[in-house]
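Trainee: One structure follows; several queries about it will come next.
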Amino acid sequence: MRKSMLVTLSAVFILLTGMISCDKIGIGPDGGCTSPPFNDTSLIYKQTQCADVWGYGKTDSSTALMAYRYLDSLSLLDQTSRFMIIKDSTQLSSCLSCTCPSGKLIRLITERGSADTLRYKRLRELGFK
């Protein structure tokens with residue numbers, strides 16, 4: 001009895017650990033969790049309180065998916081592109097304007113060399129650094 005309970009608890013722990021780590025990996029083209037490319041380039045966007053053109057979801061994952069779909073509709077992404085939302089309390093301020101930082105960063109990860117200079121230029125114009 002004790003052995004089966006230990007095996008069950010171990011399985012549940014492994015399953016929950018996998019689910020938690022999935023949120024930290026990124027949103028891919030299919031909306032699922034995927035590992036970022038090994039050889040990657042990263043751009044950061046400071047999420048605003050209410051001025052991001054792709055809108056806001058109820059969760060960080062849904063917001064990342066909305067950003068992915070918006071940038072993909074502009075042909076600025078490819079199959080290696082992934083998004084992560086990182087909480088960054090240093091970005092918080094007492095500012096209440098729509099354009100003020102929300103305290104979250106949207107990280108775009110793409111395989112090095114997959115995005116040409118024109119796409120990077122356009123992403124930078126949209127606020128990715």
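Residues in the structure tokens are named by chain (A, B, ... in the order shown) and by number from 1 within that chain; ligands are numbered from 1 in the order shown.
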Can you tell me which residues surround Tyr120 (chain A) at a distance of at most 10 Å, considering only C-alpha atoms, apart from same-chain residues fewer than 5 positions away, and format the answer as a PyMOL selection string?

Mentor: chain A and resi 43+76-77+115+125-126+128-129

Trainee: May I have the selected residues written with all heavy atoms, as an mmCIF file, in the first residue's frame?

Mentor:
data_model
loop_
_atom_site.group_PDB
_atom_site.id
_atom_site.type_symbol
_atom_site.label_atom_id
_atom_site.label_comp_id
_atom_site.auth_asym_id
_atom_site.auth_seq_id
_atom_site.Cartn_x
_atom_site.Cartn_y
_atom_site.Cartn_z
ATOM 1 N N LEU A 43 14.461 39.251 -28.389
ATOM 2 C CA LEU A 43 14.073 40.658 -28.355
ATOM 3 C C LEU A 43 13.068 40.832 -27.221
ATOM 4 O O LEU A 43 12.245 39.954 -26.977
ATOM 5 C CB LEU A 43 13.435 41.082 -29.673
ATOM 6 C CG LEU A 43 14.333 41.048 -30.907
ATOM 7 C CD1 LEU A 43 13.492 41.236 -32.160
ATOM 8 C CD2 LEU A 43 15.393 42.122 -30.817
ATOM 9 N N LEU A 76 6.004 38.977 -39.629
ATOM 10 C CA LEU A 76 7.243 39.308 -38.928
ATOM 11 C C LEU A 76 7.833 38.119 -38.172
ATOM 12 O O LEU A 76 8.861 38.254 -37.523
ATOM 13 C CB LEU A 76 6.997 40.466 -37.947
ATOM 14 C CG LEU A 76 6.606 41.780 -38.598
ATOM 15 C CD1 LEU A 76 6.279 42.825 -37.546
ATOM 16 C CD2 LEU A 76 7.694 42.272 -39.535
ATOM 17 N N LEU A 77 7.171 36.971 -38.254
ATOM 18 C CA LEU A 77 7.631 35.792 -37.528
ATOM 19 C C LEU A 77 7.861 34.631 -38.481
ATOM 20 O O LEU A 77 7.484 34.683 -39.639
ATOM 21 C CB LEU A 77 6.599 35.388 -36.472
ATOM 22 C CG LEU A 77 6.218 36.480 -35.473
ATOM 23 C CD1 LEU A 77 5.145 35.965 -34.535
ATOM 24 C CD2 LEU A 77 7.425 36.952 -34.699
ATOM 25 N N ALA A 115 15.433 35.590 -38.934
ATOM 26 C CA ALA A 115 14.749 36.859 -39.213
ATOM 27 C C ALA A 115 15.726 37.789 -39.917
ATOM 28 O O ALA A 115 16.805 38.059 -39.420
ATOM 29 C CB ALA A 115 14.259 37.488 -37.909
ATOM 30 N N GLU A 125 10.704 48.896 -34.554
ATOM 31 C CA GLU A 125 9.770 50.013 -34.686
ATOM 32 C C GLU A 125 8.521 49.787 -33.835
ATOM 33 O O GLU A 125 7.900 50.733 -33.370
ATOM 34 C CB GLU A 125 9.365 50.201 -36.151
ATOM 35 C CG GLU A 125 10.469 50.767 -37.016
ATOM 36 C CD GLU A 125 10.138 50.730 -38.507
ATOM 37 O OE1 GLU A 125 9.056 50.193 -38.885
ATOM 38 O OE2 GLU A 125 10.945 51.217 -39.302
ATOM 39 N N LEU A 126 8.141 48.532 -33.633
ATOM 40 C CA LEU A 126 6.979 48.196 -32.807
ATOM 41 C C LEU A 126 7.303 48.197 -31.316
ATOM 42 O O LEU A 126 6.424 47.991 -30.497
ATOM 43 C CB LEU A 126 6.418 46.834 -33.221
ATOM 44 C CG LEU A 126 5.735 46.794 -34.590
ATOM 45 C CD1 LEU A 126 5.427 45.371 -34.995
ATOM 46 C CD2 LEU A 126 4.452 47.627 -34.563
ATOM 47 N N PHE A 128 10.119 46.369 -29.830
ATOM 48 C CA PHE A 128 10.989 45.285 -29.372
ATOM 49 C C PHE A 128 12.430 45.776 -29.402
ATOM 50 O O PHE A 128 12.864 46.388 -30.359
ATOM 51 C CB PHE A 128 10.828 44.040 -30.262
ATOM 52 C CG PHE A 128 9.565 43.286 -29.980
ATOM 53 C CD1 PHE A 128 8.391 43.615 -30.625
ATOM 54 C CD2 PHE A 128 9.553 42.245 -29.058
ATOM 55 C CE1 PHE A 128 7.218 42.929 -30.366
ATOM 56 C CE2 PHE A 128 8.387 41.550 -28.800
ATOM 57 C CZ PHE A 128 7.212 41.888 -29.452
ATOM 58 N N LYS A 129 13.175 45.495 -28.359
ATOM 59 C CA LYS A 129 14.582 45.906 -28.264
ATOM 60 C C LYS A 129 15.468 44.696 -28.065
ATOM 61 O O LYS A 129 15.105 43.738 -27.485
ATOM 62 C CB LYS A 129 14.809 46.856 -27.088
ATOM 63 C CG LYS A 129 13.859 48.031 -27.066
ATOM 64 C CD LYS A 129 14.326 49.125 -27.986
ATOM 65 C CE LYS A 129 13.393 50.321 -27.858
ATOM 66 N NZ LYS A 129 12.892 50.865 -29.017
#

Trainee: Between A:Ala67, A:Met84, A:Ser75, A:Leu96, which residue has the minimum interatomic distance to Cys50 (chain A), considering only C-alpha atoms?

Mentor: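 Nearest to Cys50 (chain A): A:Leu96.
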
Trainee: What's the 12 Å shell around Ser94 (chain A), counting only C-alpha atoms, without same-chain residues fewer than 5 positions away, as number ranges by chain?

Mentor: A: 49, 89, 100-103

Trainee: Write the selection just made, keeping N, CA and C atoms, as a PDB file, in the first residue's frame?

Mentor:
ATOM      1  N   GLN A  49       0.347  49.158 -19.933  1.00  0.00           N
ATOM      2  CA  GLN A  49      -0.857  48.893 -19.146  1.00  0.00           C
ATOM      3  C   GLN A  49      -2.083  48.686 -20.028  1.00  0.00           C
ATOM      4  N   SER A  89       9.394  43.465 -11.850  1.00  0.00           N
ATOM      5  CA  SER A  89       8.895  44.504 -10.953  1.00  0.00           C
ATOM      6  C   SER A  89       9.675  45.810 -11.085  1.00  0.00           C
ATOM      7  N   CYS A 100       2.247  53.487 -19.959  1.00  0.00           N
ATOM      8  CA  CYS A 100       3.192  53.177 -18.882  1.00  0.00           C
ATOM      9  C   CYS A 100       3.451  51.675 -18.812  1.00  0.00           C
ATOM     10  N   PRO A 101       4.636  51.264 -18.357  1.00  0.00           N
ATOM     11  CA  PRO A 101       4.952  49.841 -18.240  1.00  0.00           C
ATOM     12  C   PRO A 101       4.021  49.129 -17.258  1.00  0.00           C
ATOM     13  N   SER A 102       3.694  47.886 -17.579  1.00  0.00           N
ATOM     14  CA  SER A 102       2.804  47.091 -16.734  1.00  0.00           C
ATOM     15  C   SER A 102       3.569  46.262 -15.706  1.00  0.00           C
ATOM     16  N   GLY A 103       4.885  46.191 -15.858  1.00  0.00           N
ATOM     17  CA  GLY A 103       5.669  45.338 -14.975  1.00  0.00           C
ATOM     18  C   GLY A 103       5.920  43.966 -15.579  1.00  0.00           C
TER      19      GLY A 103
END

Trainee: List every residue of region 39-125 of chain A that DSSP, applied to the backbone, labels as alpha helix (DSSP H), and write the result as a ChimeraX atom specification.

Mentor: /A:60-73,117-125

Trainee: For a test of reading the model, state the distance in Å between CA of Leu118 (chain A) and CA of Leu74 (chain A), rounded to one decimal.

Mentor: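 So the two atoms, CA of Leu118 (chain A) and CA of Leu74 (chain A), lie 12.3 Å apart.
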
Trainee: Show me, as a list in words, the residues that have an atom within 12 Å of Thr59 (chain A) when counting only C-alpha atoms, minus same-chain residues fewer than 6 positions from it.

Mentor: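 Counting only the stated atoms, we get Asp23, Leu65, Met66, Met84 and Ile85 of chain A.
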
Trainee: For Asp88 (chain A), please output as a short mmCIF file (atom, residue, chain, number, x, y, z; two decimals) with C-alpha atoms, in the first residue's frame all residues within 12 Å (counting only C-alpha atoms; exclusion window: fewer than 6 positions along the same chain).

Mentor:
data_model
loop_
_atom_site.label_atom_id
_atom_site.label_comp_id
_atom_site.auth_asym_id
_atom_site.auth_seq_id
_atom_site.Cartn_x
_atom_site.Cartn_y
_atom_site.Cartn_z
CA ILE A 44 12.25 42.23 -25.39
CA TYR A 45 9.08 44.35 -25.45
CA LYS A 46 8.00 46.27 -22.34
CA GLN A 47 4.30 45.48 -22.02
CA PRO A 101 4.95 49.84 -18.24
CA SER A 102 2.80 47.09 -16.73
CA GLY A 103 5.67 45.34 -14.97
CA LYS A 104 5.84 42.55 -17.55
CA LEU A 105 8.20 41.95 -20.44
CA ILE A 106 7.29 40.06 -23.61
CA ARG A 107 10.30 38.12 -24.84
#
